[in-house]
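Student: Pasting a structure here, questions to come.
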Amino acid sequence: MKKWPLFLFVLLYLFCLFFNLWARDLFGVEGRWAEAAREMALRGSNFVPTLNFSPHITKPLLPFWLIKASGLIFGFNEFAVRFPSAILSILTLVAFYFLTKPLLEERLRLLALFIFGSTLGFMEFSRLAQSEIYQLFGVVLALAFYTNFREKTSLLGYAGFFTGLLFGGLSKGLTTPAILFIAVLLDILLGKRFYHFNFKLFSVLLLSLFLYFLPYYLTAKALESPLPFYLFLRENLTQAVDPYDNLRPFYIYLYYYPLWVAPYSLLLLAGLFYYLKNFQPANQEVKWILLANLAVLVLFMLAKARRGYYLLPILPLAVLLILHFLKEKGEKIQGLLRLHQFLLFFLFLMLTLLPLILKLLHYPLEETFLLAYFFLLGLSFFILWAYLKKRLSLYEDLALLTLCLYALYYPFLKYTYSYPSEKLAGTFVQEIISWKTGGKAPTVCYAKEKDKPTANFFFYAKIMDQVKEVKLSPLDLKDCPILIVREGLTQEEEKLLRDLKYTKKQSFVHREKSKTYEIYFQQSSEALKTPSR
């Protein structure tokens, strides 16, 4: 492979990763990581994450630590909370290249990099402040050390493997060691590499177990309670066999498995079919990768708590299967080749017609978007021309063109899809609090009978103390000049607030009723001034 395609790939990938990383308001569970890290920084705590200043210790600590460190450097904003994910995305890509080094020749290693870096699953979670990309980095790092040191009984190899395992485990839980032990054990059995069961391995294993449980012990010590260990069992073991949420059917993974490797899903399915049909003549490497894919897929299907993104750690194994299939058969199957040529031209057509499509959808075409669009359109012409002139292979071209589309979707289009009611409500309350009088911020409360505010709201409100839960009664509301309400009030509740001289100053409406916020002020409060709007 020439150097210019690699340069182009890196340029497009970094643009997809970092441009407008701050533009989208915190979405879904991002706020839990962000707000808990902010409160840890406020309280000077390293081992007890809190939400609304109450312990929130159901998740491992590593993402909180990295987001907290980023927030202390950049300030607690969207960029800061997503920055560690973006950096880990880069490190994951580097680790994946080294993972493939002993498995593939140089040309295929670079193609593997192109394919892995342009998969939907990898790019989707690289820009989110969630633990999925943290876990993926740990899995890829551990596998990279394993594949490079599997013929040796190397202390460095074992240390690197367990470093990746620890990173993933302290980011997401026991799914990381489960995936890695299944994948590695299969290779040990197939290759009869029993020499790995030695003193060095078990020494590093014991040290890793100590380091894994040390944060749980320090959290329990800080809380003066064994609760972290109970939650460790509940969130990892009990949740797998008797879950309290995420109860989805096992077959959802049959959808997400090919989805996360899009636009290479057909290659994955064709590779699975081909190697299952020709398992006996396949070489040992292919057998390992095929069985590891199937074993990890079955593991997640058997676990009763299921969500699509749980399956993301299978991504490196899926891409390795795709690469072996391409090497052996992919470019020889004319039907598959034509389908991917059609997909290539379809993506190019979509890119060409994108402004028209957005106009029909009444999407505002901003100047920055149009500048990026015309640059990427010109680049896509060049990429397609390079393929037609046989200066790029079909799948190199497909990867680069996919990144051109990602470069418009993730930095520009995705953040416009939802109305940021949580951000608007939170920043409005933050502005109200800044107008405090008498040197003391007014008390903020939320209605007990309604849903409590989300972590996203708390992050944007930047409240320095716990938001009180109150009943909608004259006694409870006596010292509560600011009231947060979700899902709206009944006529009787609205009348009560009017009688107590509350005024609804602002509503932040969302199409989902649970994300609608109403902010009420007590007019008679001397502790409150409201900003002019």
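Labels used: A, B, ... for chains in the order of the structure tokens, numbers from 1 for residues in each chain, and numbers from 1 for ligands as shown.
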Report as a PDB file with C-alpha atoms, in the first residue's frame all protein, DNA and RNA residues lying within 9 Å of stretch 386-398 of chain A, evaluated on only C-alpha atoms, omitting residues in the same chain fewer than 5 positions from it.
Tutor:
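To be explicit, this is the file written out as out37.pdb:
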```
ATOM      1  CA  MET A   1       0.000   0.000   0.000  1.00  0.00           C
ATOM      2  CA  LYS A   2       1.242   3.472  -0.870  1.00  0.00           C
ATOM      3  CA  PRO A   5      -3.919   6.432   1.321  1.00  0.00           C
ATOM      4  CA  LEU A 111      -6.210  -2.872   5.128  1.00  0.00           C
ATOM      5  CA  PHE A 114      -8.745   0.825   7.337  1.00  0.00           C
ATOM      6  CA  ILE A 115     -11.598  -1.619   7.912  1.00  0.00           C
ATOM      7  CA  PRO A 263     -20.317  -1.444   5.929  1.00  0.00           C
ATOM      8  CA  TYR A 264     -18.469  -4.785   5.868  1.00  0.00           C
ATOM      9  CA  LEU A 337     -17.360  -8.121  -5.371  1.00  0.00           C
ATOM     10  CA  HIS A 340     -19.517  -4.072  -2.746  1.00  0.00           C
ATOM     11  CA  GLN A 341     -18.885  -2.143  -5.973  1.00  0.00           C
ATOM     12  CA  LEU A 343     -22.317  -0.227  -2.303  1.00  0.00           C
ATOM     13  CA  LEU A 344     -19.313   1.953  -3.116  1.00  0.00           C
ATOM     14  CA  LEU A 347     -22.373   5.696  -0.882  1.00  0.00           C
ATOM     15  CA  PHE A 381     -14.352  12.212  -6.354  1.00  0.00           C
ATOM     16  CA  LEU A 403     -15.086   7.960   6.539  1.00  0.00           C
TER      17      LEU A 403
END
```
Student: Could you give me, as a ChimeraX atom specification, the residues within 12 Å of A:Leu207, counting only C-alpha atoms and dropping anything in the same chain fewer than 4 positions from it?
Tutor: /A:158-159,162-163,166,200-203,211-214
Student: Selected residues, all heavy atoms, written as an mmCIF file, in the first residue's frame, please.
Tutor:
```cif
data_model
loop_
_atom_site.group_PDB
_atom_site.id
_atom_site.type_symbol
_atom_site.label_atom_id
_atom_site.label_comp_id
_atom_site.auth_asym_id
_atom_site.auth_seq_id
_atom_site.Cartn_x
_atom_site.Cartn_y
_atom_site.Cartn_z
ATOM 1 N N TYR A 158 2.905 -11.404 29.493
ATOM 2 C CA TYR A 158 1.855 -11.610 30.488
ATOM 3 C C TYR A 158 1.445 -10.296 31.135
ATOM 4 O O TYR A 158 0.259 -10.037 31.360
ATOM 5 C CB TYR A 158 2.326 -12.595 31.562
ATOM 6 C CG TYR A 158 2.669 -13.971 31.031
ATOM 7 C CD1 TYR A 158 3.753 -14.679 31.534
ATOM 8 C CD2 TYR A 158 1.901 -14.555 30.041
ATOM 9 C CE1 TYR A 158 4.075 -15.945 31.057
ATOM 10 C CE2 TYR A 158 2.211 -15.819 29.541
ATOM 11 C CZ TYR A 158 3.301 -16.504 30.059
ATOM 12 O OH TYR A 158 3.604 -17.743 29.571
ATOM 13 N N ALA A 159 2.424 -9.452 31.443
ATOM 14 C CA ALA A 159 2.123 -8.160 32.075
ATOM 15 C C ALA A 159 1.277 -7.293 31.148
ATOM 16 O O ALA A 159 0.314 -6.642 31.579
ATOM 17 C CB ALA A 159 3.417 -7.445 32.452
ATOM 18 N N PHE A 162 -2.371 -8.719 30.925
ATOM 19 C CA PHE A 162 -3.193 -8.436 32.102
ATOM 20 C C PHE A 162 -3.399 -6.927 32.308
ATOM 21 O O PHE A 162 -4.373 -6.523 32.940
ATOM 22 C CB PHE A 162 -2.593 -9.089 33.343
ATOM 23 C CG PHE A 162 -2.915 -10.550 33.444
ATOM 24 C CD1 PHE A 162 -1.966 -11.506 33.118
ATOM 25 C CD2 PHE A 162 -4.172 -10.972 33.819
ATOM 26 C CE1 PHE A 162 -2.260 -12.860 33.197
ATOM 27 C CE2 PHE A 162 -4.488 -12.319 33.896
ATOM 28 C CZ PHE A 162 -3.527 -13.277 33.576
ATOM 29 N N THR A 163 -2.503 -6.108 31.750
ATOM 30 C CA THR A 163 -2.747 -4.658 31.781
ATOM 31 C C THR A 163 -3.995 -4.317 30.968
ATOM 32 O O THR A 163 -4.858 -3.549 31.407
ATOM 33 C CB THR A 163 -1.536 -3.884 31.228
ATOM 34 O OG1 THR A 163 -0.402 -4.131 32.066
ATOM 35 C CG2 THR A 163 -1.816 -2.389 31.183
ATOM 36 N N LEU A 166 -7.006 -5.651 32.856
ATOM 37 C CA LEU A 166 -7.345 -4.773 33.983
ATOM 38 C C LEU A 166 -8.020 -3.498 33.500
ATOM 39 O O LEU A 166 -8.992 -3.024 34.090
ATOM 40 C CB LEU A 166 -6.090 -4.424 34.775
ATOM 41 C CG LEU A 166 -5.674 -5.380 35.890
ATOM 42 C CD1 LEU A 166 -4.315 -4.979 36.430
ATOM 43 C CD2 LEU A 166 -6.708 -5.378 37.009
ATOM 44 N N LYS A 200 5.276 -17.628 35.988
ATOM 45 C CA LYS A 200 5.202 -16.204 35.605
ATOM 46 C C LYS A 200 3.754 -15.778 35.398
ATOM 47 O O LYS A 200 3.318 -14.728 35.880
ATOM 48 C CB LYS A 200 6.000 -15.954 34.320
ATOM 49 C CG LYS A 200 7.493 -16.112 34.441
ATOM 50 C CD LYS A 200 8.137 -15.872 33.077
ATOM 51 C CE LYS A 200 9.634 -16.142 33.113
ATOM 52 N NZ LYS A 200 10.249 -15.980 31.783
ATOM 53 N N LEU A 201 3.010 -16.608 34.657
ATOM 54 C CA LEU A 201 1.608 -16.280 34.384
ATOM 55 C C LEU A 201 0.813 -16.157 35.676
ATOM 56 O O LEU A 201 0.087 -15.172 35.883
ATOM 57 C CB LEU A 201 0.984 -17.345 33.488
ATOM 58 C CG LEU A 201 -0.527 -17.197 33.251
ATOM 59 C CD1 LEU A 201 -0.807 -16.055 32.307
ATOM 60 C CD2 LEU A 201 -1.142 -18.480 32.746
ATOM 61 N N PHE A 202 0.934 -17.144 36.561
ATOM 62 C CA PHE A 202 0.126 -17.129 37.779
ATOM 63 C C PHE A 202 0.564 -16.028 38.741
ATOM 64 O O PHE A 202 -0.257 -15.485 39.486
ATOM 65 C CB PHE A 202 0.167 -18.503 38.446
ATOM 66 C CG PHE A 202 -0.624 -19.530 37.709
ATOM 67 C CD1 PHE A 202 0.013 -20.551 37.021
ATOM 68 C CD2 PHE A 202 -2.010 -19.458 37.674
ATOM 69 C CE1 PHE A 202 -0.725 -21.492 36.326
ATOM 70 C CE2 PHE A 202 -2.754 -20.401 36.977
ATOM 71 C CZ PHE A 202 -2.116 -21.425 36.293
ATOM 72 N N SER A 203 1.837 -15.644 38.697
ATOM 73 C CA SER A 203 2.299 -14.512 39.517
ATOM 74 C C SER A 203 1.638 -13.218 39.063
ATOM 75 O O SER A 203 1.145 -12.432 39.875
ATOM 76 C CB SER A 203 3.820 -14.389 39.430
ATOM 77 O OG SER A 203 4.453 -15.534 39.928
ATOM 78 N N LEU A 211 -4.878 -5.926 42.116
ATOM 79 C CA LEU A 211 -5.100 -4.580 41.566
ATOM 80 C C LEU A 211 -6.546 -4.383 41.133
ATOM 81 O O LEU A 211 -7.075 -3.272 41.200
ATOM 82 C CB LEU A 211 -4.157 -4.341 40.380
ATOM 83 C CG LEU A 211 -2.669 -4.260 40.730
ATOM 84 C CD1 LEU A 211 -1.826 -4.159 39.461
ATOM 85 C CD2 LEU A 211 -2.392 -3.066 41.643
ATOM 86 N N TYR A 212 -7.188 -5.469 40.698
ATOM 87 C CA TYR A 212 -8.581 -5.357 40.261
ATOM 88 C C TYR A 212 -9.508 -5.047 41.439
ATOM 89 O O TYR A 212 -10.398 -4.195 41.343
ATOM 90 C CB TYR A 212 -9.026 -6.650 39.579
ATOM 91 C CG TYR A 212 -10.440 -6.577 39.040
ATOM 92 C CD1 TYR A 212 -10.714 -5.972 37.820
ATOM 93 C CD2 TYR A 212 -11.519 -7.094 39.769
ATOM 94 C CE1 TYR A 212 -12.008 -5.895 37.328
ATOM 95 C CE2 TYR A 212 -12.818 -7.025 39.285
ATOM 96 C CZ TYR A 212 -13.049 -6.420 38.070
ATOM 97 O OH TYR A 212 -14.332 -6.327 37.599
ATOM 98 N N PHE A 213 -9.294 -5.733 42.553
ATOM 99 C CA PHE A 213 -10.201 -5.552 43.696
ATOM 100 C C PHE A 213 -9.766 -4.410 44.620
ATOM 101 O O PHE A 213 -10.546 -4.012 45.488
ATOM 102 C CB PHE A 213 -10.312 -6.855 44.489
ATOM 103 C CG PHE A 213 -11.169 -7.877 43.812
ATOM 104 C CD1 PHE A 213 -10.604 -8.988 43.201
ATOM 105 C CD2 PHE A 213 -12.543 -7.721 43.754
ATOM 106 C CE1 PHE A 213 -11.392 -9.937 42.568
ATOM 107 C CE2 PHE A 213 -13.348 -8.651 43.123
ATOM 108 C CZ PHE A 213 -12.768 -9.768 42.523
ATOM 109 N N LEU A 214 -8.569 -3.865 44.423
ATOM 110 C CA LEU A 214 -8.111 -2.771 45.285
ATOM 111 C C LEU A 214 -9.042 -1.557 45.238
ATOM 112 O O LEU A 214 -9.392 -1.022 46.308
ATOM 113 C CB LEU A 214 -6.682 -2.374 44.901
ATOM 114 C CG LEU A 214 -6.057 -1.253 45.738
ATOM 115 C CD1 LEU A 214 -5.976 -1.648 47.213
ATOM 116 C CD2 LEU A 214 -4.668 -0.882 45.190
#
```
Student: What is the distance between atom CA of A:Leu254 and atom CA of A:Leu297, in Å to one decimal?
Tutor: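 Atom CA of A:Leu297 lies at a distance of 8.6 Å from atom CA of A:Leu254.
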Student: Leaving out A:Gln135 and any residue of its chain fewer than 6 positions from it, which residues lie within 6 Å of it when counting only C-alpha atoms, given as a PyMOL selection string?
Tutor: chain A and resi 168+171-172
Student: Restricting it to N, CA, C and O atoms, dump the selection as an mmCIF file, in the first residue's frame.
Tutor:
```cif
data_model
loop_
_atom_site.group_PDB
_atom_site.id
_atom_site.type_symbol
_atom_site.label_atom_id
_atom_site.label_comp_id
_atom_site.auth_asym_id
_atom_site.auth_seq_id
_atom_site.Cartn_x
_atom_site.Cartn_y
_atom_site.Cartn_z
ATOM 1 N N GLY A 168 -9.773 -2.976 30.776
ATOM 2 C CA GLY A 168 -11.148 -3.271 30.381
ATOM 3 C C GLY A 168 -12.032 -3.625 31.550
ATOM 4 O O GLY A 168 -13.174 -3.189 31.643
ATOM 5 N N SER A 171 -13.054 -0.779 33.613
ATOM 6 C CA SER A 171 -13.898 0.149 32.858
ATOM 7 C C SER A 171 -15.322 -0.359 32.711
ATOM 8 O O SER A 171 -16.265 0.423 32.712
ATOM 9 N N LYS A 172 -15.471 -1.677 32.583
ATOM 10 C CA LYS A 172 -16.796 -2.223 32.266
ATOM 11 C C LYS A 172 -17.212 -3.385 33.146
ATOM 12 O O LYS A 172 -18.398 -3.692 33.249
#
```
Student: Which polymer residues have any atom within 10 Å of an atom of A:Lys152, counting only C-alpha atoms, with same-chain residues fewer than 5 positions away left out, as an NGL selection string?
Tutor: :A and (146 or 157-158 or 193 or 195-196)
Student: Expressed in Å to a single decimal, how great is the separation between atom CA of A:Leu356 and atom CA of A:Leu384?
Tutor: 21.0 Å
Student: Just checking: using only C-alpha atoms, which residue out of A:Lys359, A:Lys504, A:Lys221, A:Arg32 ends up closest to A:Val485?
Tutor: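 Residue with the minimum atom-to-atom distance to A:Val485: A:Lys504.
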Student: Record the distance separating atom CA of A:Leu483 and atom CA of A:Arg24, expressed in Å with one decimal.
Tutor: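 Separation between atom CA of A:Leu483 and atom CA of A:Arg24: 26.6 Å.
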Student: When distances are computed from only C-alpha atoms, which of A:Phe27, A:Tyr216, A:Phe137, A:Phe76 shows the smallest separation from A:Pro60?
Tutor: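 Counting only C-alpha atoms, the residue closest to A:Pro60 is A:Tyr216.
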Student: In stretch 102-310 of chain A, what's helix (DSSP H, G or I) per DSSP? Answer as a PyMOL selection string?
Tutor: chain A and resi 106-117+120-126+132-149+155-172+175-191+194-196+199-223+227-241+252-259+265-277+284-302+308-310
Student: List as a PyMOL selection string the protein and nucleic acid residues near stretch 457-470 of chain A, meaning an atom at most 9 Å away when only C-alpha atoms are counted, but skip any in the same chain fewer than 4 places from it.
Tutor: chain A and resi 26+31-32+34-36+38-39+42+51-54+76-77+421-431+433+443-449+452-453+476-477+480
Student: Tell me which protein, DNA and RNA residues are within 8 Å of A:Tyr13, counting only C-alpha atoms, leaving out same-chain ones fewer than 3 positions away, and put them as a PyMOL selection string.
Tutor: chain A and resi 9-10+16-17+117-118+403+407
Student: For the residues selected in the previous step, produce a file with all heavy atoms as a short mmCIF file (atom, residue, chain, number, x, y, z; two decimals), in the first residue's frame.
Tutor:
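Written file, again.cif:
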```cif
data_model
loop_
_atom_site.label_atom_id
_atom_site.label_comp_id
_atom_site.auth_asym_id
_atom_site.auth_seq_id
_atom_site.Cartn_x
_atom_site.Cartn_y
_atom_site.Cartn_z
N PHE A 9 -6.41 8.37 5.21
CA PHE A 9 -7.20 7.67 6.22
C PHE A 9 -7.05 8.34 7.59
O PHE A 9 -8.05 8.59 8.28
CB PHE A 9 -6.76 6.20 6.30
CG PHE A 9 -7.30 5.46 7.49
CD1 PHE A 9 -8.59 4.97 7.50
CD2 PHE A 9 -6.52 5.29 8.63
CE1 PHE A 9 -9.10 4.30 8.61
CE2 PHE A 9 -7.01 4.63 9.74
CZ PHE A 9 -8.30 4.13 9.73
N VAL A 10 -5.81 8.61 7.99
CA VAL A 10 -5.56 9.23 9.30
C VAL A 10 -6.22 10.61 9.37
O VAL A 10 -6.84 10.97 10.39
CB VAL A 10 -4.05 9.33 9.57
CG1 VAL A 10 -3.77 10.16 10.82
CG2 VAL A 10 -3.45 7.93 9.73
N CYS A 16 -13.18 12.98 11.82
CA CYS A 16 -14.40 12.34 12.35
C CYS A 16 -14.38 12.31 13.87
O CYS A 16 -15.41 12.47 14.52
CB CYS A 16 -14.51 10.91 11.83
SG CYS A 16 -14.84 10.75 10.08
N LEU A 17 -13.20 12.12 14.43
CA LEU A 17 -13.07 11.90 15.87
C LEU A 17 -13.19 13.19 16.67
O LEU A 17 -13.89 13.24 17.69
CB LEU A 17 -11.73 11.23 16.14
CG LEU A 17 -11.50 10.64 17.53
CD1 LEU A 17 -12.52 9.56 17.83
CD2 LEU A 17 -10.08 10.05 17.61
N GLY A 117 -11.01 0.82 11.55
CA GLY A 117 -11.22 2.23 11.87
C GLY A 117 -12.45 2.85 11.24
O GLY A 117 -12.90 3.91 11.68
N SER A 118 -13.02 2.19 10.22
CA SER A 118 -14.21 2.75 9.57
C SER A 118 -15.46 1.93 9.84
O SER A 118 -16.50 2.18 9.22
CB SER A 118 -13.98 2.83 8.05
OG SER A 118 -13.67 1.55 7.51
N LEU A 403 -15.56 6.92 5.63
CA LEU A 403 -15.09 7.96 6.54
C LEU A 403 -15.52 9.35 6.07
O LEU A 403 -15.77 10.24 6.90
CB LEU A 403 -13.56 7.90 6.68
CG LEU A 403 -13.01 6.76 7.53
CD1 LEU A 403 -11.49 6.77 7.51
CD2 LEU A 403 -13.52 6.85 8.97
N ALA A 407 -17.61 11.77 8.38
CA ALA A 407 -17.09 13.11 8.65
C ALA A 407 -18.18 14.18 8.53
O ALA A 407 -18.05 15.28 9.08
CB ALA A 407 -15.94 13.45 7.71
#
```
